[in-house]
Amino acid sequence: MSTQSIKTDPQLAEQIAVSLLKIGAVALRPDQPFTWTSGLKSPIYCDNRLTISYPDIRDAIAEGFAALIRENFPDAEVIAGAATGGIPHAAWVAQKLNLPMVYVRDKAKGHGKENLIEGSIQPGQKTVVIEDLISTGGSSLKVALAVNDAGAKALGVLGIFSYQFEKAAAAFEGAKIPFDTLTNYSVLLDAALKQGSIQQQDLEALRAWSINPSEYGK
């Protein structure tokens with residue numbers, strides 16, 4: 001399967017984008033950019049951890065993930081949550097699919113068995129990784145590769161939201177690991193425009209940011 005072959009339902013993508021805007025999990029501020037930890041100026045801030053507090057939204061997300069897995073990875077045997085944002089969503093998806101669930105730490109524990117992966121995963125088991133956000137793709141791929149290093153097989157990575165950076169697409173393509181998200185930056189901009197969160201004159205700059213984020217605001 002190529003990294004381009006997973007197809008998200010457009011109606012669901014819009015529904016989730018609207019939900020993320022409604023609860024403030026994603027905020028757009030084209031006139032007063034946020035500053036990320038890296039120092040990057042950004043017109044968007046994303047905190048999908050807020051979704052866990054809204055049962056209807058988190059269930060729609062879990063159903064969306066489950067549908068993608070049934071369609072694209074029907075032979076999945078394990079659901080893996082990426083720490084920390086992907087863990088609760090992976091648990092709900094695993095419950096819906098009646099599959100085992102594990103989670104992958106950002107680094108191995110410094111004591112005890114020094115586990116990187118928590119839960120039981122066996123060599124050869126086909127695994128789907130769940131993320132809350134895909135940015136450059138680096139941390140998500142690290143999780144997928146940890147699954148492979150454990151002897152299992154990462155079939156793909158699914159996230160709630162993506163900034164649609166070319167760097168992420170190239171990273172997944174290079175690793176030959178499929179990925180997709182339930183909704184994304186383009187869908188979010190359209191939803192925000194419809195509901196009046198942004199204006200038509202903001203669109204050009206907002207779209208340019210995802211193409212060349214390092215130049216935004218200069």
# chains A, B, ... in the order shown; residues from 1 in each chain; ligands from 1

$ select_by_dssp --residues "segment 50-185 of chain A" --states "alpha helix (DSSP H)" --output "JSON list (two decimals) with all heavy atoms, in the first residue's frame"
[["chain", "number", "residue", "atom", "x", "y", "z"],
["A", 55, "PRO", "N", -17.38, 13.43, 25.03],
["A", 55, "PRO", "CA", -17.72, 12.06, 24.63],
["A", 55, "PRO", "C", -18.18, 11.91, 23.18],
["A", 55, "PRO", "O", -17.76, 10.98, 22.50],
["A", 55, "PRO", "CB", -18.84, 11.69, 25.61],
["A", 55, "PRO", "CG", -18.56, 12.52, 26.82],
["A", 55, "PRO", "CD", -18.03, 13.81, 26.30],
["A", 56, "ASP", "N", -19.03, 12.82, 22.70],
["A", 56, "ASP", "CA", -19.54, 12.69, 21.32],
["A", 56, "ASP", "C", -18.41, 12.86, 20.30],
["A", 56, "ASP", "O", -18.36, 12.15, 19.29],
["A", 56, "ASP", "CB", -20.64, 13.72, 21.05],
["A", 56, "ASP", "CG", -21.93, 13.41, 21.79],
["A", 56, "ASP", "OD1", -22.05, 12.28, 22.30],
["A", 56, "ASP", "OD2", -22.80, 14.30, 21.86],
["A", 57, "ILE", "N", -17.52, 13.80, 20.58],
["A", 57, "ILE", "CA", -16.42, 14.07, 19.65],
["A", 57, "ILE", "C", -15.41, 12.93, 19.67],
["A", 57, "ILE", "O", -14.97, 12.44, 18.62],
["A", 57, "ILE", "CB", -15.73, 15.41, 19.98],
["A", 57, "ILE", "CG1", -16.72, 16.56, 19.74],
["A", 57, "ILE", "CG2", -14.47, 15.60, 19.13],
["A", 57, "ILE", "CD1", -16.20, 17.92, 20.19],
["A", 58, "ARG", "N", -15.05, 12.47, 20.85],
["A", 58, "ARG", "CA", -14.07, 11.39, 20.93],
["A", 58, "ARG", "C", -14.63, 10.10, 20.33],
["A", 58, "ARG", "O", -13.88, 9.30, 19.75],
["A", 58, "ARG", "CB", -13.59, 11.18, 22.36],
["A", 58, "ARG", "CG", -14.58, 10.49, 23.28],
["A", 58, "ARG", "CD", -14.12, 10.51, 24.72],
["A", 58, "ARG", "NE", -14.97, 9.68, 25.55],
["A", 58, "ARG", "CZ", -15.16, 9.89, 26.85],
["A", 58, "ARG", "NH1", -14.57, 10.92, 27.45],
["A", 58, "ARG", "NH2", -15.94, 9.08, 27.54],
["A", 59, "ASP", "N", -15.95, 9.90, 20.43],
["A", 59, "ASP", "CA", -16.55, 8.71, 19.83],
["A", 59, "ASP", "C", -16.55, 8.81, 18.31],
["A", 59, "ASP", "O", -16.30, 7.82, 17.61],
["A", 59, "ASP", "CB", -17.97, 8.50, 20.35],
["A", 59, "ASP", "CG", -18.53, 7.15, 19.93],
["A", 59, "ASP", "OD1", -17.94, 6.13, 20.34],
["A", 59, "ASP", "OD2", -19.53, 7.11, 19.20],
["A", 60, "ALA", "N", -16.82, 10.01, 17.77],
["A", 60, "ALA", "CA", -16.77, 10.21, 16.32],
["A", 60, "ALA", "C", -15.36, 9.96, 15.80],
["A", 60, "ALA", "O", -15.17, 9.36, 14.72],
["A", 60, "ALA", "CB", -17.23, 11.62, 15.96],
["A", 61, "ILE", "N", -14.36, 10.39, 16.57],
["A", 61, "ILE", "CA", -12.96, 10.16, 16.19],
["A", 61, "ILE", "C", -12.66, 8.66, 16.20],
["A", 61, "ILE", "O", -12.06, 8.14, 15.25],
["A", 61, "ILE", "CB", -12.03, 10.93, 17.15],
["A", 61, "ILE", "CG1", -12.12, 12.43, 16.86],
["A", 61, "ILE", "CG2", -10.58, 10.43, 17.01],
["A", 61, "ILE", "CD1", -11.45, 13.30, 17.91],
["A", 62, "ALA", "N", -13.07, 7.98, 17.25],
["A", 62, "ALA", "CA", -12.82, 6.54, 17.35],
["A", 62, "ALA", "C", -13.51, 5.78, 16.22],
["A", 62, "ALA", "O", -12.93, 4.86, 15.63],
["A", 62, "ALA", "CB", -13.29, 6.02, 18.71],
["A", 63, "GLU", "N", -14.74, 6.17, 15.91],
["A", 63, "GLU", "CA", -15.47, 5.51, 14.81],
["A", 63, "GLU", "C", -14.77, 5.76, 13.48],
["A", 63, "GLU", "O", -14.69, 4.88, 12.62],
["A", 63, "GLU", "CB", -16.91, 6.03, 14.75],
["A", 63, "GLU", "CG", -17.82, 5.48, 15.83],
["A", 63, "GLU", "CD", -18.20, 4.03, 15.61],
["A", 63, "GLU", "OE1", -17.79, 3.44, 14.59],
["A", 63, "GLU", "OE2", -18.89, 3.47, 16.48],
["A", 64, "GLY", "N", -14.26, 7.00, 13.31],
["A", 64, "GLY", "CA", -13.53, 7.32, 12.08],
["A", 64, "GLY", "C", -12.28, 6.48, 11.92],
["A", 64, "GLY", "O", -12.00, 5.95, 10.84],
["A", 65, "PHE", "N", -11.53, 6.36, 13.01],
["A", 65, "PHE", "CA", -10.33, 5.52, 12.98],
["A", 65, "PHE", "C", -10.70, 4.06, 12.69],
["A", 65, "PHE", "O", -10.05, 3.40, 11.87],
["A", 65, "PHE", "CB", -9.59, 5.59, 14.32],
["A", 65, "PHE", "CG", -8.73, 6.80, 14.50],
["A", 65, "PHE", "CD1", -8.66, 7.44, 15.74],
["A", 65, "PHE", "CD2", -7.95, 7.31, 13.48],
["A", 65, "PHE", "CE1", -7.86, 8.54, 15.94],
["A", 65, "PHE", "CE2", -7.14, 8.42, 13.66],
["A", 65, "PHE", "CZ", -7.10, 9.04, 14.90],
["A", 66, "ALA", "N", -11.72, 3.57, 13.37],
["A", 66, "ALA", "CA", -12.13, 2.18, 13.20],
["A", 66, "ALA", "C", -12.54, 1.90, 11.76],
["A", 66, "ALA", "O", -12.18, 0.86, 11.19],
["A", 66, "ALA", "CB", -13.28, 1.84, 14.15],
["A", 67, "ALA", "N", -13.25, 2.84, 11.15],
["A", 67, "ALA", "CA", -13.68, 2.67, 9.76],
["A", 67, "ALA", "C", -12.48, 2.63, 8.81],
["A", 67, "ALA", "O", -12.43, 1.81, 7.88],
["A", 67, "ALA", "CB", -14.62, 3.80, 9.36],
["A", 68, "LEU", "N", -11.49, 3.51, 9.05],
["A", 68, "LEU", "CA", -10.29, 3.51, 8.22],
["A", 68, "LEU", "C", -9.52, 2.20, 8.35],
["A", 68, "LEU", "O", -8.99, 1.67, 7.37],
["A", 68, "LEU", "CB", -9.37, 4.68, 8.60],
["A", 68, "LEU", "CG", -9.72, 6.07, 8.05],
["A", 68, "LEU", "CD1", -8.72, 7.09, 8.57],
["A", 68, "LEU", "CD2", -9.74, 6.07, 6.53],
["A", 69, "ILE", "N", -9.46, 1.70, 9.56],
["A", 69, "ILE", "CA", -8.73, 0.45, 9.79],
["A", 69, "ILE", "C", -9.45, -0.73, 9.14],
["A", 69, "ILE", "O", -8.83, -1.58, 8.49],
["A", 69, "ILE", "CB", -8.52, 0.22, 11.30],
["A", 69, "ILE", "CG1", -7.56, 1.28, 11.86],
["A", 69, "ILE", "CG2", -7.97, -1.19, 11.57],
["A", 69, "ILE", "CD1", -7.51, 1.34, 13.37],
["A", 70, "ARG", "N", -10.77, -0.77, 9.29],
["A", 70, "ARG", "CA", -11.53, -1.86, 8.65],
["A", 70, "ARG", "C", -11.34, -1.85, 7.14],
["A", 70, "ARG", "O", -11.22, -2.91, 6.51],
["A", 70, "ARG", "CB", -13.02, -1.71, 8.98],
["A", 70, "ARG", "CG", -13.38, -2.00, 10.43],
["A", 70, "ARG", "CD", -14.89, -2.02, 10.61],
["A", 70, "ARG", "NE", -15.25, -2.02, 12.03],
["A", 70, "ARG", "CZ", -15.73, -0.95, 12.69],
["A", 70, "ARG", "NH1", -15.91, 0.19, 12.03],
["A", 70, "ARG", "NH2", -16.03, -1.04, 13.97],
["A", 71, "GLU", "N", -11.30, -0.67, 6.55],
["A", 71, "GLU", "CA", -11.21, -0.56, 5.09],
["A", 71, "GLU", "C", -9.79, -0.76, 4.58],
["A", 71, "GLU", "O", -9.56, -1.41, 3.55],
["A", 71, "GLU", "CB", -11.72, 0.80, 4.63],
["A", 71, "GLU", "CG", -11.70, 0.99, 3.12],
["A", 71, "GLU", "CD", -12.28, 2.31, 2.67],
["A", 71, "GLU", "OE1", -12.87, 3.02, 3.50],
["A", 71, "GLU", "OE2", -12.14, 2.63, 1.47],
["A", 72, "ASN", "N", -8.81, -0.19, 5.27],
["A", 72, "ASN", "CA", -7.44, -0.17, 4.76],
["A", 72, "ASN", "C", -6.51, -1.19, 5.39],
["A", 72, "ASN", "O", -5.53, -1.60, 4.77],
["A", 72, "ASN", "CB", -6.84, 1.23, 4.96],
["A", 72, "ASN", "CG", -7.57, 2.29, 4.17],
["A", 72, "ASN", "OD1", -7.35, 2.44, 2.97],
["A", 72, "ASN", "ND2", -8.47, 3.02, 4.82],
["A", 87, "ILE", "N", -2.70, 7.82, 23.09],
["A", 87, "ILE", "CA", -3.02, 6.68, 23.95],
["A", 87, "ILE", "C", -4.53, 6.50, 24.19],
["A", 87, "ILE", "O", -5.05, 5.40, 23.97],
["A", 87, "ILE", "CB", -2.26, 6.79, 25.30],
["A", 87, "ILE", "CG1", -0.77, 6.63, 25.06],
["A", 87, "ILE", "CG2", -2.76, 5.73, 26.28],
["A", 87, "ILE", "CD1", 0.09, 6.84, 26.30],
["A", 88, "PRO", "N", -5.26, 7.53, 24.64],
["A", 88, "PRO", "CA", -6.69, 7.30, 24.89],
["A", 88, "PRO", "C", -7.46, 6.93, 23.64],
["A", 88, "PRO", "O", -8.35, 6.07, 23.67],
["A", 88, "PRO", "CB", -7.18, 8.62, 25.50],
["A", 88, "PRO", "CG", -6.18, 9.64, 25.06],
["A", 88, "PRO", "CD", -4.88, 8.91, 24.99],
["A", 89, "HIS", "N", -7.12, 7.55, 22.52],
["A", 89, "HIS", "CA", -7.82, 7.26, 21.27],
["A", 89, "HIS", "C", -7.54, 5.83, 20.80],
["A", 89, "HIS", "O", -8.43, 5.14, 20.30],
["A", 89, "HIS", "CB", -7.45, 8.29, 20.21],
["A", 89, "HIS", "CG", -7.85, 9.68, 20.57],
["A", 89, "HIS", "ND1", -9.17, 10.10, 20.55],
["A", 89, "HIS", "CD2", -7.12, 10.73, 21.02],
["A", 89, "HIS", "CE1", -9.23, 11.36, 20.95],
["A", 89, "HIS", "NE2", -8.00, 11.76, 21.24],
["A", 90, "ALA", "N", -6.31, 5.39, 21.00],
["A", 90, "ALA", "CA", -5.97, 4.01, 20.64],
["A", 90, "ALA", "C", -6.79, 3.03, 21.48],
["A", 90, "ALA", "O", -7.24, 1.99, 20.99],
["A", 90, "ALA", "CB", -4.48, 3.76, 20.85],
["A", 91, "ALA", "N", -6.98, 3.37, 22.76],
["A", 91, "ALA", "CA", -7.76, 2.49, 23.63],
["A", 91, "ALA", "C", -9.20, 2.38, 23.16],
["A", 91, "ALA", "O", -9.78, 1.28, 23.12],
["A", 91, "ALA", "CB", -7.71, 3.01, 25.07],
["A", 92, "TRP", "N", -9.80, 3.51, 22.78],
["A", 92, "TRP", "CA", -11.19, 3.48, 22.32],
["A", 92, "TRP", "C", -11.32, 2.74, 20.99],
["A", 92, "TRP", "O", -12.28, 2.00, 20.77],
["A", 92, "TRP", "CB", -11.73, 4.91, 22.21],
["A", 92, "TRP", "CG", -11.91, 5.56, 23.55],
["A", 92, "TRP", "CD1", -12.48, 5.00, 24.66],
["A", 92, "TRP", "CD2", -11.48, 6.87, 23.93],
["A", 92, "TRP", "NE1", -12.44, 5.89, 25.71],
["A", 92, "TRP", "CE2", -11.84, 7.05, 25.31],
["A", 92, "TRP", "CE3", -10.86, 7.92, 23.27],
["A", 92, "TRP", "CZ2", -11.58, 8.22, 26.00],
["A", 92, "TRP", "CZ3", -10.60, 9.10, 23.96],
["A", 92, "TRP", "CH2", -10.95, 9.24, 25.31],
["A", 93, "VAL", "N", -10.36, 2.93, 20.12],
["A", 93, "VAL", "CA", -10.38, 2.23, 18.83],
["A", 93, "VAL", "C", -10.21, 0.73, 19.03],
["A", 93, "VAL", "O", -10.93, -0.09, 18.43],
["A", 93, "VAL", "CB", -9.28, 2.77, 17.89],
["A", 93, "VAL", "CG1", -9.17, 1.91, 16.63],
["A", 93, "VAL", "CG2", -9.56, 4.21, 17.51],
["A", 94, "ALA", "N", -9.26, 0.35, 19.88],
["A", 94, "ALA", "CA", -9.03, -1.08, 20.16],
["A", 94, "ALA", "C", -10.29, -1.73, 20.73],
["A", 94, "ALA", "O", -10.62, -2.87, 20.40],
["A", 94, "ALA", "CB", -7.87, -1.24, 21.13],
["A", 95, "GLN", "N", -11.01, -0.98, 21.58],
["A", 95, "GLN", "CA", -12.24, -1.51, 22.15],
["A", 95, "GLN", "C", -13.30, -1.73, 21.07],
["A", 95, "GLN", "O", -13.97, -2.76, 21.04],
["A", 95, "GLN", "CB", -12.77, -0.53, 23.21],
["A", 95, "GLN", "CG", -13.99, -1.03, 23.98],
["A", 95, "GLN", "CD", -13.67, -2.19, 24.90],
["A", 95, "GLN", "OE1", -12.52, -2.39, 25.26],
["A", 95, "GLN", "NE2", -14.68, -2.96, 25.24],
["A", 96, "LYS", "N", -13.43, -0.76, 20.15],
["A", 96, "LYS", "CA", -14.41, -0.89, 19.08],
["A", 96, "LYS", "C", -14.09, -2.07, 18.15],
["A", 96, "LYS", "O", -14.99, -2.74, 17.65],
["A", 96, "LYS", "CB", -14.48, 0.41, 18.27],
["A", 96, "LYS", "CG", -15.21, 1.54, 18.98],
["A", 96, "LYS", "CD", -15.28, 2.78, 18.11],
["A", 96, "LYS", "CE", -16.05, 3.88, 18.84],
["A", 96, "LYS", "NZ", -17.49, 3.56, 19.01],
["A", 97, "LEU", "N", -12.81, -2.31, 17.92],
["A", 97, "LEU", "CA", -12.39, -3.38, 17.01],
["A", 97, "LEU", "C", -12.13, -4.70, 17.72],
["A", 97, "LEU", "O", -11.80, -5.70, 17.08],
["A", 97, "LEU", "CB", -11.13, -2.94, 16.25],
["A", 97, "LEU", "CG", -11.30, -1.72, 15.33],
["A", 97, "LEU", "CD1", -9.94, -1.32, 14.75],
["A", 97, "LEU", "CD2", -12.29, -2.00, 14.21],
["A", 138, "GLY", "N", 8.09, 13.21, 12.18],
["A", 138, "GLY", "CA", 9.22, 12.58, 12.85],
["A", 138, "GLY", "C", 8.85, 11.74, 14.06],
["A", 138, "GLY", "O", 9.26, 10.57, 14.17],
["A", 139, "SER", "N", 8.06, 12.29, 14.98],
["A", 139, "SER", "CA", 7.71, 11.55, 16.19],
["A", 139, "SER", "C", 6.78, 10.38, 15.88],
["A", 139, "SER", "O", 6.88, 9.32, 16.50],
["A", 139, "SER", "CB", 7.07, 12.48, 17.22],
["A", 139, "SER", "OG", 5.89, 13.07, 16.71],
["A", 140, "SER", "N", 5.89, 10.56, 14.91],
["A", 140, "SER", "CA", 4.98, 9.48, 14.53],
["A", 140, "SER", "C", 5.74, 8.31, 13.91],
["A", 140, "SER", "O", 5.47, 7.14, 14.21],
["A", 140, "SER", "CB", 3.94, 9.99, 13.53],
["A", 140, "SER", "OG", 3.24, 11.09, 14.05],
["A", 141, "LEU", "N", 6.69, 8.62, 13.06],
["A", 141, "LEU", "CA", 7.51, 7.57, 12.45],
["A", 141, "LEU", "C", 8.37, 6.86, 13.48],
["A", 141, "LEU", "O", 8.60, 5.66, 13.39],
["A", 141, "LEU", "CB", 8.39, 8.15, 11.35],
["A", 141, "LEU", "CG", 7.74, 8.29, 9.97],
["A", 141, "LEU", "CD1", 8.67, 9.00, 9.01],
["A", 141, "LEU", "CD2", 7.35, 6.92, 9.42],
["A", 142, "LYS", "N", 8.82, 7.60, 14.47],
["A", 142, "LYS", "CA", 9.62, 7.00, 15.55],
["A", 142, "LYS", "C", 8.81, 5.90, 16.25],
["A", 142, "LYS", "O", 9.34, 4.84, 16.58],
["A", 142, "LYS", "CB", 10.03, 8.08, 16.54],
["A", 142, "LYS", "CG", 10.92, 7.59, 17.68],
["A", 142, "LYS", "CD", 11.29, 8.74, 18.61],
["A", 142, "LYS", "CE", 12.09, 8.24, 19.80],
["A", 142, "LYS", "NZ", 12.41, 9.35, 20.74],
["A", 143, "VAL", "N", 7.52, 6.15, 16.45],
["A", 143, "VAL", "CA", 6.65, 5.16, 17.08],
["A", 143, "VAL", "C", 6.49, 3.94, 16.18],
["A", 143, "VAL", "O", 6.61, 2.79, 16.61],
["A", 143, "VAL", "CB", 5.27, 5.78, 17.39],
["A", 143, "VAL", "CG1", 4.29, 4.71, 17.86],
["A", 143, "VAL", "CG2", 5.40, 6.88, 18.43],
["A", 144, "ALA", "N", 6.23, 4.19, 14.89],
["A", 144, "ALA", "CA", 6.06, 3.08, 13.94],
["A", 144, "ALA", "C", 7.33, 2.24, 13.85],
["A", 144, "ALA", "O", 7.26, 1.01, 13.81],
["A", 144, "ALA", "CB", 5.68, 3.63, 12.57],
["A", 145, "LEU", "N", 8.48, 2.89, 13.85],
["A", 145, "LEU", "CA", 9.74, 2.16, 13.76],
["A", 145, "LEU", "C", 10.04, 1.40, 15.04],
["A", 145, "LEU", "O", 10.66, 0.32, 15.00],
["A", 145, "LEU", "CB", 10.88, 3.12, 13.42],
["A", 145, "LEU", "CG", 10.77, 3.78, 12.03],
["A", 145, "LEU", "CD1", 11.89, 4.80, 11.82],
["A", 145, "LEU", "CD2", 10.80, 2.74, 10.92],
["A", 146, "ALA", "N", 9.58, 1.92, 16.19],
["A", 146, "ALA", "CA", 9.74, 1.19, 17.44],
["A", 146, "ALA", "C", 8.93, -0.10, 17.42],
["A", 146, "ALA", "O", 9.37, -1.13, 17.92],
["A", 146, "ALA", "CB", 9.29, 2.06, 18.62],
["A", 147, "VAL", "N", 7.75, -0.04, 16.80],
["A", 147, "VAL", "CA", 6.92, -1.24, 16.63],
["A", 147, "VAL", "C", 7.67, -2.26, 15.77],
["A", 147, "VAL", "O", 7.75, -3.45, 16.09],
["A", 147, "VAL", "CB", 5.57, -0.87, 15.99],
["A", 147, "VAL", "CG1", 4.83, -2.12, 15.50],
["A", 147, "VAL", "CG2", 4.71, -0.10, 16.98],
["A", 148, "ASN", "N", 8.26, -1.79, 14.68],
["A", 148, "ASN", "CA", 9.02, -2.68, 13.80],
["A", 148, "ASN", "C", 10.25, -3.25, 14.52],
["A", 148, "ASN", "O", 10.58, -4.43, 14.36],
["A", 148, "ASN", "CB", 9.45, -1.94, 12.54],
["A", 148, "ASN", "CG", 8.30, -1.66, 11.59],
["A", 148, "ASN", "OD1", 7.22, -2.26, 11.72],
["A", 148, "ASN", "ND2", 8.49, -0.75, 10.65],
["A", 149, "ASP", "N", 10.92, -2.41, 15.29],
["A", 149, "ASP", "CA", 12.11, -2.86, 16.01],
["A", 149, "ASP", "C", 11.77, -3.94, 17.04],
["A", 149, "ASP", "O", 12.63, -4.77, 17.39],
["A", 149, "ASP", "CB", 12.80, -1.68, 16.71],
["A", 149, "ASP", "CG", 13.50, -0.75, 15.73],
["A", 149, "ASP", "OD1", 13.71, -1.15, 14.58],
["A", 149, "ASP", "OD2", 13.81, 0.39, 16.13],
["A", 166, "GLU", "N", 4.78, 19.16, 3.62],
["A", 166, "GLU", "CA", 5.43, 18.27, 2.64],
["A", 166, "GLU", "C", 6.50, 17.42, 3.30],
["A", 166, "GLU", "O", 6.76, 16.29, 2.90],
["A", 166, "GLU", "CB", 6.05, 19.11, 1.51],
["A", 166, "GLU", "CG", 5.06, 19.56, 0.46],
["A", 166, "GLU", "CD", 4.42, 18.40, -0.28],
["A", 166, "GLU", "OE1", 5.12, 17.40, -0.54],
["A", 166, "GLU", "OE2", 3.22, 18.49, -0.59],
["A", 167, "LYS", "N", 7.13, 17.96, 4.33],
["A", 167, "LYS", "CA", 8.17, 17.23, 5.04],
["A", 167, "LYS", "C", 7.63, 15.93, 5.62],
["A", 167, "LYS", "O", 8.30, 14.90, 5.60],
["A", 167, "LYS", "CB", 8.75, 18.11, 6.16],
["A", 167, "LYS", "CG", 9.93, 17.49, 6.88],
["A", 167, "LYS", "CD", 10.54, 18.48, 7.89],
["A", 167, "LYS", "CE", 11.76, 17.88, 8.58],
["A", 167, "LYS", "NZ", 12.37, 18.83, 9.54],
["A", 168, "ALA", "N", 6.40, 15.98, 6.13],
["A", 168, "ALA", "CA", 5.79, 14.77, 6.69],
["A", 168, "ALA", "C", 5.51, 13.75, 5.61],
["A", 168, "ALA", "O", 5.81, 12.56, 5.75],
["A", 168, "ALA", "CB", 4.50, 15.13, 7.43],
["A", 169, "ALA", "N", 4.93, 14.21, 4.50],
["A", 169, "ALA", "CA", 4.63, 13.29, 3.39],
["A", 169, "ALA", "C", 5.90, 12.62, 2.88],
["A", 169, "ALA", "O", 5.92, 11.41, 2.63],
["A", 169, "ALA", "CB", 3.93, 14.06, 2.26],
["A", 170, "ALA", "N", 6.97, 13.40, 2.77],
["A", 170, "ALA", "CA", 8.24, 12.85, 2.29],
["A", 170, "ALA", "C", 8.82, 11.85, 3.27],
["A", 170, "ALA", "O", 9.37, 10.81, 2.88],
["A", 170, "ALA", "CB", 9.23, 13.98, 2.04],
["A", 171, "ALA", "N", 8.69, 12.14, 4.57],
["A", 171, "ALA", "CA", 9.23, 11.24, 5.59],
["A", 171, "ALA", "C", 8.52, 9.89, 5.57],
["A", 171, "ALA", "O", 9.16, 8.83, 5.61],
["A", 171, "ALA", "CB", 9.11, 11.88, 6.97],
["A", 172, "PHE", "N", 7.20, 9.90, 5.48],
["A", 172, "PHE", "CA", 6.45, 8.65, 5.45],
["A", 172, "PHE", "C", 6.71, 7.89, 4.15],
["A", 172, "PHE", "O", 6.82, 6.66, 4.14],
["A", 172, "PHE", "CB", 4.96, 8.91, 5.61],
["A", 172, "PHE", "CG", 4.53, 9.10, 7.04],
["A", 172, "PHE", "CD1", 4.34, 10.37, 7.57],
["A", 172, "PHE", "CD2", 4.32, 8.01, 7.87],
["A", 172, "PHE", "CE1", 3.95, 10.55, 8.89],
["A", 172, "PHE", "CE2", 3.93, 8.17, 9.19],
["A", 172, "PHE", "CZ", 3.75, 9.44, 9.70],
["A", 173, "GLU", "N", 6.82, 8.64, 3.06],
["A", 173, "GLU", "CA", 7.11, 8.01, 1.76],
["A", 173, "GLU", "C", 8.47, 7.32, 1.82],
["A", 173, "GLU", "O", 8.64, 6.19, 1.35],
["A", 173, "GLU", "CB", 7.09, 9.06, 0.66],
["A", 173, "GLU", "CG", 7.16, 8.48, -0.75],
["A", 173, "GLU", "CD", 5.90, 7.74, -1.15],
["A", 173, "GLU", "OE1", 4.79, 8.23, -0.91],
["A", 173, "GLU", "OE2", 6.05, 6.63, -1.72],
["A", 174, "GLY", "N", 9.45, 8.01, 2.42],
["A", 174, "GLY", "CA", 10.79, 7.44, 2.53],
["A", 174, "GLY", "C", 10.82, 6.18, 3.38],
["A", 174, "GLY", "O", 11.58, 5.25, 3.10],
["A", 175, "ALA", "N", 9.99, 6.16, 4.41],
["A", 175, "ALA", "CA", 9.94, 4.99, 5.30],
["A", 175, "ALA", "C", 9.02, 3.90, 4.76],
["A", 175, "ALA", "O", 8.95, 2.82, 5.34],
["A", 175, "ALA", "CB", 9.46, 5.42, 6.68],
["A", 185, "TYR", "N", -5.44, 20.45, 7.66],
["A", 185, "TYR", "CA", -5.37, 21.92, 7.64],
["A", 185, "TYR", "C", -6.27, 22.52, 6.56],
["A", 185, "TYR", "O", -6.98, 23.50, 6.81],
["A", 185, "TYR", "CB", -3.92, 22.31, 7.43],
["A", 185, "TYR", "CG", -3.63, 23.80, 7.58],
["A", 185, "TYR", "CD1", -3.82, 24.45, 8.80],
["A", 185, "TYR", "CD2", -3.13, 24.52, 6.51],
["A", 185, "TYR", "CE1", -3.53, 25.79, 8.93],
["A", 185, "TYR", "CE2", -2.84, 25.87, 6.63],
["A", 185, "TYR", "CZ", -3.05, 26.50, 7.84],
["A", 185, "TYR", "OH", -2.77, 27.84, 7.98]]

$ closest_residue --among "A:Ala13, A:Ala27, A:Leu182, A:Ala154" --to "Tyr45 of chain A" --atoms "only C-alpha atoms"
A:Ala27

$ residues_around --residues "Phe161 of chain A" --least-positions-apart "5" --cutoff "6 Å" --atoms "only C-alpha atoms" --output "ChimeraX atom specification"
/A:133,181,183-184

$ closest_residue --among "A:Gly24, A:Pro74, A:Gly81, A:Pro33" --to "Ser53 of chain A" --atoms "only C-alpha atoms"
A:Gly24

$ residues_around --residues "Gly39 of chain A" --least-positions-apart "6" --cutoff "12 Å" --atoms "only C-alpha atoms" --output "MDAnalysis selection string"
chainID A and resid 33 213:214 216

$ closest_residue --among "A:Trp209, A:Val102, A:Pro178, A:Ala17" --to "Leu193 of chain A" --atoms "only C-alpha atoms"
A:Ala17

$ residues_around --residues "Ala150 of chain A" --least-positions-apart "4" --cutoff "8 Å" --atoms "only C-alpha atoms" --output "list in words"
Ile121, Gln122, Pro123 and Ala146 of chain A

$ residues_around --residues "Asp190 of chain A" --least-positions-apart "5" --cutoff "10 Å" --atoms "only C-alpha atoms" --output "list in words"
Glu14, Ala17, Val18, Tyr185, Gln195, Gly196, Ile198, Gln200 and Leu203 of chain A

$ select_by_dssp --residues "segment 72-147 of chain A" --states "strand (DSSP E)" --output "list of chain:residue names"
A:Val78, A:Ile79, A:Ala80, A:Gly81, A:Ala82, A:Met101, A:Val102, A:Tyr103, A:Val104, A:Ile117, A:Glu118, A:Lys126, A:Thr127, A:Val128, A:Val129, A:Ile130, A:Glu131, A:Asp132, A:Leu133, A:Ile134

$ residues_around --residues "Ile134 of chain A" --least-positions-apart "2" --cutoff "7 Å" --atoms "only C-alpha atoms" --output "list of chain:residue names"
A:Thr136, A:Gly137, A:Ser140, A:Gly159, A:Phe161, A:Ser162, A:Tyr163

$ atom_distance --atom1 "atom CA of Thr37 of chain A" --atom2 "atom CA of Leu50 of chain A"
19.3 Å

$ closest_residue --among "A:Val26, A:Leu155, A:Ile160, A:Leu20" --to "Gly85 of chain A" --atoms "only C-alpha atoms"
A:Ile160
